[in-house]
Amino acid sequence: MIALSEALRTALLANDDVTRCLGEYIGEPAVIVRDRTPSQVPSKVLYISPNIGDSNRDGLATYQAMILRQISIYGDQKDAPLIERCADAVRLMFHRKPFSLSIPDFKVLSLMASQPVSAPVSDVNKFGRMIGLSIEIHQLTPAF
Amino acid sequence: MTVKWNDSIRAKILAGATDGLGVFAGRIVESGNDSILNDPKTGVKYRNLPNQSSAPGESPANQSGDLVRSGHTRVNYEKHEAEAVWNAPEAAKMEYGTERIAPRPFARPALMKQSPNLKGDVNEGIRRRLG
């Protein structure tokens, strides 16, 4: 199993430029792996998506894949400059920096982060930015 | 055989490549719509909606049909571009999520699934124009 979500969360929590933009959720900066949207989240929150898509690049005896993830950061409209700074910090920490992620039993071969773009919101008083991550990983131990 | 390069050949190649991109964009729309219509959904079954809803991470469920009907392609022969477009109001909110809704992606997975066909579609488009 690829512990990618946990690796992303650990990396994000270790970055002060990111965490200082966020509210607090259960005693920690609000960096949430999103399989559901929890209730009672602070207004300034960062979500790590599950896999948006993946394509297998397996060899005969190796597992290798390109995985798409999305990081979304939301806040109130009044916090827009802060959210934009946070999104820039996220891109900066990941773009072309495969060593920024440490995944047990896997090597990150390449990591590309898109420029932050506007994220859809359900409430006009909210503001969001999102970054796409393309992560190519290779399993270090034989897969088959 | 000798082929003399000229602007007419260049124009045919660009038009053929754009034809191919249009075909490829059509594949993405078809694949995205197929995932909406046919992939299993494991979310909540609401009484006021006809089908079981999707869970986060799954492609959206087909409820009103608006999302699927909104899928189409746009081909621009001047810029040599093709787009796969879903312009229903909920399309972006489903694909990317919002502060309240977790993403239900259907377009990007379709792009990844179809990407091996891109080269072949462009080659075929060029071959037809030059043929």
# chains A, B, ... in the order shown; residues from 1 in each chain; ligands from 1

call {"tool": "residues_around", "arguments": {"residues": "A:Gln139", "least_positions_apart": "2", "cutoff": "9 Å", "atoms": "only C-alpha atoms", "output": "PDB file with N, CA, C and O atoms, in the first residue's frame"}}
result
ATOM      1  N   ILE A   2       0.484   2.251  -0.733  1.00  0.00           N
ATOM      2  CA  ILE A   2       1.281   3.465  -0.838  1.00  0.00           C
ATOM      3  C   ILE A   2       0.784   4.469   0.194  1.00  0.00           C
ATOM      4  O   ILE A   2      -0.371   4.891   0.142  1.00  0.00           O
ATOM      5  N   THR A  62       8.244  -4.849 -11.518  1.00  0.00           N
ATOM      6  CA  THR A  62       8.274  -3.630 -10.722  1.00  0.00           C
ATOM      7  C   THR A  62       6.920  -2.937 -10.783  1.00  0.00           C
ATOM      8  O   THR A  62       6.173  -3.082 -11.750  1.00  0.00           O
ATOM      9  N   TYR A  63       6.634  -2.196  -9.739  1.00  0.00           N
ATOM     10  CA  TYR A  63       5.432  -1.374  -9.731  1.00  0.00           C
ATOM     11  C   TYR A  63       5.861   0.076  -9.856  1.00  0.00           C
ATOM     12  O   TYR A  63       6.680   0.562  -9.081  1.00  0.00           O
ATOM     13  N   GLN A  64       5.309   0.735 -10.816  1.00  0.00           N
ATOM     14  CA  GLN A  64       5.602   2.152 -11.011  1.00  0.00           C
ATOM     15  C   GLN A  64       4.318   2.820 -11.497  1.00  0.00           C
ATOM     16  O   GLN A  64       3.570   2.222 -12.275  1.00  0.00           O
ATOM     17  N   ALA A  65       4.057   4.000 -11.021  1.00  0.00           N
ATOM     18  CA  ALA A  65       2.789   4.647 -11.392  1.00  0.00           C
ATOM     19  C   ALA A  65       2.935   6.158 -11.364  1.00  0.00           C
ATOM     20  O   ALA A  65       3.782   6.712 -10.659  1.00  0.00           O
ATOM     21  N   ASP A 105       9.034   2.367   1.387  1.00  0.00           N
ATOM     22  CA  ASP A 105       9.095   1.338   0.326  1.00  0.00           C
ATOM     23  C   ASP A 105       8.965   1.893  -1.086  1.00  0.00           C
ATOM     24  O   ASP A 105       8.883   1.118  -2.045  1.00  0.00           O
ATOM     25  N   PHE A 106       8.906   3.199  -1.232  1.00  0.00           N
ATOM     26  CA  PHE A 106       8.773   3.782  -2.573  1.00  0.00           C
ATOM     27  C   PHE A 106       9.810   4.881  -2.774  1.00  0.00           C
ATOM     28  O   PHE A 106      10.215   5.542  -1.818  1.00  0.00           O
ATOM     29  N   LYS A 107      10.197   5.057  -4.031  1.00  0.00           N
ATOM     30  CA  LYS A 107      11.041   6.191  -4.403  1.00  0.00           C
ATOM     31  C   LYS A 107      10.195   7.122  -5.273  1.00  0.00           C
ATOM     32  O   LYS A 107       9.484   6.648  -6.172  1.00  0.00           O
ATOM     33  N   VAL A 108      10.256   8.406  -4.986  1.00  0.00           N
ATOM     34  CA  VAL A 108       9.552   9.378  -5.825  1.00  0.00           C
ATOM     35  C   VAL A 108      10.484   9.752  -6.968  1.00  0.00           C
ATOM     36  O   VAL A 108      11.557  10.313  -6.739  1.00  0.00           O
ATOM     37  N   ILE A 137       5.944   7.429  -8.919  1.00  0.00           N
ATOM     38  CA  ILE A 137       6.581   6.659  -7.859  1.00  0.00           C
ATOM     39  C   ILE A 137       7.007   5.280  -8.368  1.00  0.00           C
ATOM     40  O   ILE A 137       6.420   4.745  -9.295  1.00  0.00           O
ATOM     41  N   THR A 141      10.746  -2.426  -3.303  1.00  0.00           N
ATOM     42  CA  THR A 141      10.774  -3.883  -3.125  1.00  0.00           C
ATOM     43  C   THR A 141      10.010  -4.524  -4.296  1.00  0.00           C
ATOM     44  O   THR A 141       9.065  -3.919  -4.803  1.00  0.00           O
ATOM     45  N   PRO A 142      10.392  -5.733  -4.725  1.00  0.00           N
ATOM     46  CA  PRO A 142       9.691  -6.352  -5.864  1.00  0.00           C
ATOM     47  C   PRO A 142       8.191  -6.436  -5.608  1.00  0.00           C
ATOM     48  O   PRO A 142       7.766  -6.819  -4.516  1.00  0.00           O
ATOM     49  N   ALA A 143       7.420  -6.070  -6.607  1.00  0.00           N
ATOM     50  CA  ALA A 143       5.960  -5.995  -6.435  1.00  0.00           C
ATOM     51  C   ALA A 143       5.260  -7.299  -6.758  1.00  0.00           C
ATOM     52  O   ALA A 143       4.173  -7.572  -6.282  1.00  0.00           O
TER      53      ALA A 143
END

call {"tool": "select_by_dssp", "arguments": {"residues": "stretch 16-76 of chain A", "states": "helix (DSSP H, G or I)", "output": "PyMOL selection string"}}
result
chain A and resi 16-19

call {"tool": "residues_around", "arguments": {"residues": "A:Val31", "least_positions_apart": "6", "cutoff": "10 Å", "atoms": "only C-alpha atoms", "output": "list in words"}}
result
Leu8, Arg9, Thr10, Leu12, Leu13, Val18, Thr19, Leu22, Gly23, Glu24, Tyr25, Lys44, Val45, Leu46, Tyr47, Ile48, Ile71, Ser72 and Ile73 of chain A

call {"tool": "write_last_selection", "arguments": {"atoms": "N, CA, C and O atoms", "output": "PDB file, in the first residue's frame"}}
result
ATOM      1  N   LEU A   8       2.310  13.189   2.218  1.00  0.00           N
ATOM      2  CA  LEU A   8       1.973  14.574   1.854  1.00  0.00           C
ATOM      3  C   LEU A   8       1.629  15.374   3.107  1.00  0.00           C
ATOM      4  O   LEU A   8       2.076  16.511   3.280  1.00  0.00           O
ATOM      5  N   ARG A   9       0.837  14.766   3.975  1.00  0.00           N
ATOM      6  CA  ARG A   9       0.408  15.477   5.194  1.00  0.00           C
ATOM      7  C   ARG A   9       1.613  15.794   6.085  1.00  0.00           C
ATOM      8  O   ARG A   9       1.740  16.912   6.592  1.00  0.00           O
ATOM      9  N   THR A  10       2.501  14.826   6.245  1.00  0.00           N
ATOM     10  CA  THR A  10       3.690  15.039   7.080  1.00  0.00           C
ATOM     11  C   THR A  10       4.540  16.174   6.516  1.00  0.00           C
ATOM     12  O   THR A  10       5.001  17.049   7.258  1.00  0.00           O
ATOM     13  N   LEU A  12       3.590  18.649   4.581  1.00  0.00           N
ATOM     14  CA  LEU A  12       2.894  19.937   4.700  1.00  0.00           C
ATOM     15  C   LEU A  12       2.925  20.450   6.143  1.00  0.00           C
ATOM     16  O   LEU A  12       3.122  21.641   6.387  1.00  0.00           O
ATOM     17  N   LEU A  13       2.751  19.536   7.095  1.00  0.00           N
ATOM     18  CA  LEU A  13       2.752  19.957   8.510  1.00  0.00           C
ATOM     19  C   LEU A  13       4.133  20.444   8.946  1.00  0.00           C
ATOM     20  O   LEU A  13       4.252  21.207   9.901  1.00  0.00           O
ATOM     21  N   VAL A  18       3.340  27.087   5.318  1.00  0.00           N
ATOM     22  CA  VAL A  18       1.992  26.563   5.053  1.00  0.00           C
ATOM     23  C   VAL A  18       1.157  26.595   6.323  1.00  0.00           C
ATOM     24  O   VAL A  18       0.038  27.123   6.340  1.00  0.00           O
ATOM     25  N   THR A  19       1.682  26.044   7.383  1.00  0.00           N
ATOM     26  CA  THR A  19       0.859  25.861   8.594  1.00  0.00           C
ATOM     27  C   THR A  19       0.467  27.192   9.239  1.00  0.00           C
ATOM     28  O   THR A  19      -0.594  27.280   9.844  1.00  0.00           O
ATOM     29  N   LEU A  22      -2.973  28.463   8.299  1.00  0.00           N
ATOM     30  CA  LEU A  22      -4.149  27.614   8.518  1.00  0.00           C
ATOM     31  C   LEU A  22      -4.693  27.710   9.934  1.00  0.00           C
ATOM     32  O   LEU A  22      -3.970  28.081  10.862  1.00  0.00           O
ATOM     33  N   GLY A  23      -5.963  27.360  10.081  1.00  0.00           N
ATOM     34  CA  GLY A  23      -6.548  27.255  11.402  1.00  0.00           C
ATOM     35  C   GLY A  23      -6.137  25.946  12.058  1.00  0.00           C
ATOM     36  O   GLY A  23      -5.275  25.218  11.549  1.00  0.00           O
ATOM     37  N   GLU A  24      -6.790  25.641  13.177  1.00  0.00           N
ATOM     38  CA  GLU A  24      -6.426  24.439  13.924  1.00  0.00           C
ATOM     39  C   GLU A  24      -7.569  23.440  13.896  1.00  0.00           C
ATOM     40  O   GLU A  24      -8.738  23.818  14.007  1.00  0.00           O
ATOM     41  N   TYR A  25      -7.215  22.168  13.719  1.00  0.00           N
ATOM     42  CA  TYR A  25      -8.228  21.106  13.698  1.00  0.00           C
ATOM     43  C   TYR A  25      -7.712  19.939  14.534  1.00  0.00           C
ATOM     44  O   TYR A  25      -6.659  19.378  14.244  1.00  0.00           O
ATOM     45  N   LYS A  44      -9.961  28.469   7.669  1.00  0.00           N
ATOM     46  CA  LYS A  44      -8.750  28.347   6.841  1.00  0.00           C
ATOM     47  C   LYS A  44      -8.259  26.902   6.924  1.00  0.00           C
ATOM     48  O   LYS A  44      -7.764  26.466   7.977  1.00  0.00           O
ATOM     49  N   VAL A  45      -8.423  26.194   5.837  1.00  0.00           N
ATOM     50  CA  VAL A  45      -8.194  24.745   5.868  1.00  0.00           C
ATOM     51  C   VAL A  45      -7.535  24.289   4.578  1.00  0.00           C
ATOM     52  O   VAL A  45      -7.749  24.884   3.511  1.00  0.00           O
ATOM     53  N   LEU A  46      -6.717  23.262   4.682  1.00  0.00           N
ATOM     54  CA  LEU A  46      -6.061  22.674   3.498  1.00  0.00           C
ATOM     55  C   LEU A  46      -6.513  21.221   3.389  1.00  0.00           C
ATOM     56  O   LEU A  46      -6.463  20.476   4.370  1.00  0.00           O
ATOM     57  N   TYR A  47      -6.966  20.838   2.196  1.00  0.00           N
ATOM     58  CA  TYR A  47      -7.394  19.457   1.957  1.00  0.00           C
ATOM     59  C   TYR A  47      -6.443  18.773   0.979  1.00  0.00           C
ATOM     60  O   TYR A  47      -6.078  19.335  -0.048  1.00  0.00           O
ATOM     61  N   ILE A  48      -6.084  17.543   1.317  1.00  0.00           N
ATOM     62  CA  ILE A  48      -5.336  16.684   0.388  1.00  0.00           C
ATOM     63  C   ILE A  48      -6.347  15.707  -0.194  1.00  0.00           C
ATOM     64  O   ILE A  48      -7.030  14.995   0.554  1.00  0.00           O
ATOM     65  N   ILE A  71      -4.287  19.505  -4.055  1.00  0.00           N
ATOM     66  CA  ILE A  71      -4.273  20.164  -2.747  1.00  0.00           C
ATOM     67  C   ILE A  71      -5.103  21.430  -2.870  1.00  0.00           C
ATOM     68  O   ILE A  71      -4.866  22.257  -3.760  1.00  0.00           O
ATOM     69  N   SER A  72      -6.116  21.548  -2.017  1.00  0.00           N
ATOM     70  CA  SER A  72      -7.023  22.701  -2.067  1.00  0.00           C
ATOM     71  C   SER A  72      -6.951  23.438  -0.735  1.00  0.00           C
ATOM     72  O   SER A  72      -6.938  22.806   0.322  1.00  0.00           O
ATOM     73  N   ILE A  73      -6.898  24.761  -0.834  1.00  0.00           N
ATOM     74  CA  ILE A  73      -6.815  25.586   0.371  1.00  0.00           C
ATOM     75  C   ILE A  73      -7.961  26.582   0.328  1.00  0.00           C
ATOM     76  O   ILE A  73      -8.161  27.258  -0.692  1.00  0.00           O
TER      77      ILE A  73
END

call {"tool": "closest_residue", "arguments": {"among": "A:Ala113, A:Ala89, A:Val124, A:Pro50", "to": "A:Arg36", "atoms": "only C-alpha atoms"}}
result
A:Pro50

call {"tool": "closest_residue", "arguments": {"among": "A:Pro116, A:Gly27, A:Gly59, A:Gly75", "to": "chain B", "atoms": "only C-alpha atoms"}}
result
A:Gly75

call {"tool": "select_by_dssp", "arguments": {"residues": "chain B", "states": "strand (DSSP E or B)", "output": "list in words"}}
result
Gly71, His72, Thr73, Arg74, Val75, Asn76, Glu81, Ala82, Glu83, Ala84, Val85 and Trp86 of chain B

call {"tool": "closest_atom_pairs", "arguments": {"of": "chain B", "to": "chain A", "cutoff": "12 Å", "atoms": "only C-alpha atoms", "output": "tab-separated table"}}
result
residue	atom	partner	partner_atom	distance
B:Gly43	CA	A:Arg36	CA	11.0
B:Ser54	CA	A:Arg36	CA	11.8
B:Ala55	CA	A:Arg36	CA	8.4
B:Pro56	CA	A:Asp35	CA	5.9
B:Gly57	CA	A:Pro50	CA	6.4
B:Glu58	CA	A:Ile52	CA	9.0
B:Ser59	CA	A:Ile52	CA	9.8
B:Pro89	CA	A:Pro120	CA	10.8
B:Glu90	CA	A:Pro120	CA	9.8
B:Ala91	CA	A:Pro120	CA	10.0
B:Ala92	CA	A:Pro120	CA	6.6
B:Lys93	CA	A:Pro120	CA	5.8
B:Met94	CA	A:Pro120	CA	9.3
B:Glu95	CA	A:Ile52	CA	9.1
B:Tyr96	CA	A:Pro120	CA	7.0
B:Gly97	CA	A:Pro120	CA	6.8
B:Thr98	CA	A:Val121	CA	4.7
B:Glu99	CA	A:Val121	CA	5.9
B:Arg100	CA	A:Thr37	CA	6.4
B:Ile101	CA	A:Thr37	CA	6.5
B:Ala102	CA	A:Thr37	CA	6.2
B:Pro103	CA	A:Ser49	CA	7.4
B:Arg104	CA	A:Ile52	CA	8.4
B:Pro105	CA	A:Ile52	CA	6.2
B:Phe106	CA	A:Ile52	CA	8.5
B:Ala107	CA	A:Ile52	CA	9.5
B:Arg108	CA	A:Gly53	CA	6.7
B:Pro109	CA	A:Gly53	CA	4.8
B:Ala110	CA	A:Gly53	CA	8.4
B:Leu111	CA	A:Gly53	CA	9.0
B:Met112	CA	A:Ser55	CA	6.6
B:Lys113	CA	A:Ser55	CA	7.2
B:Gln114	CA	A:Ser55	CA	10.2
B:Ser115	CA	A:Ser55	CA	9.5
B:Pro116	CA	A:Ser55	CA	10.0

call {"tool": "atom_distance", "arguments": {"atom1": "atom CA of A:Leu109", "atom2": "atom CA of A:Met93"}}
result
15.8 Å

call {"tool": "residues_around", "arguments": {"residues": "B:Val29", "least_positions_apart": "4", "cutoff": "7 Å", "atoms": "only C-alpha atoms", "output": "list in words"}}
result
Ala25, Asn33, Gly71, His72 and Ala84 of chain B
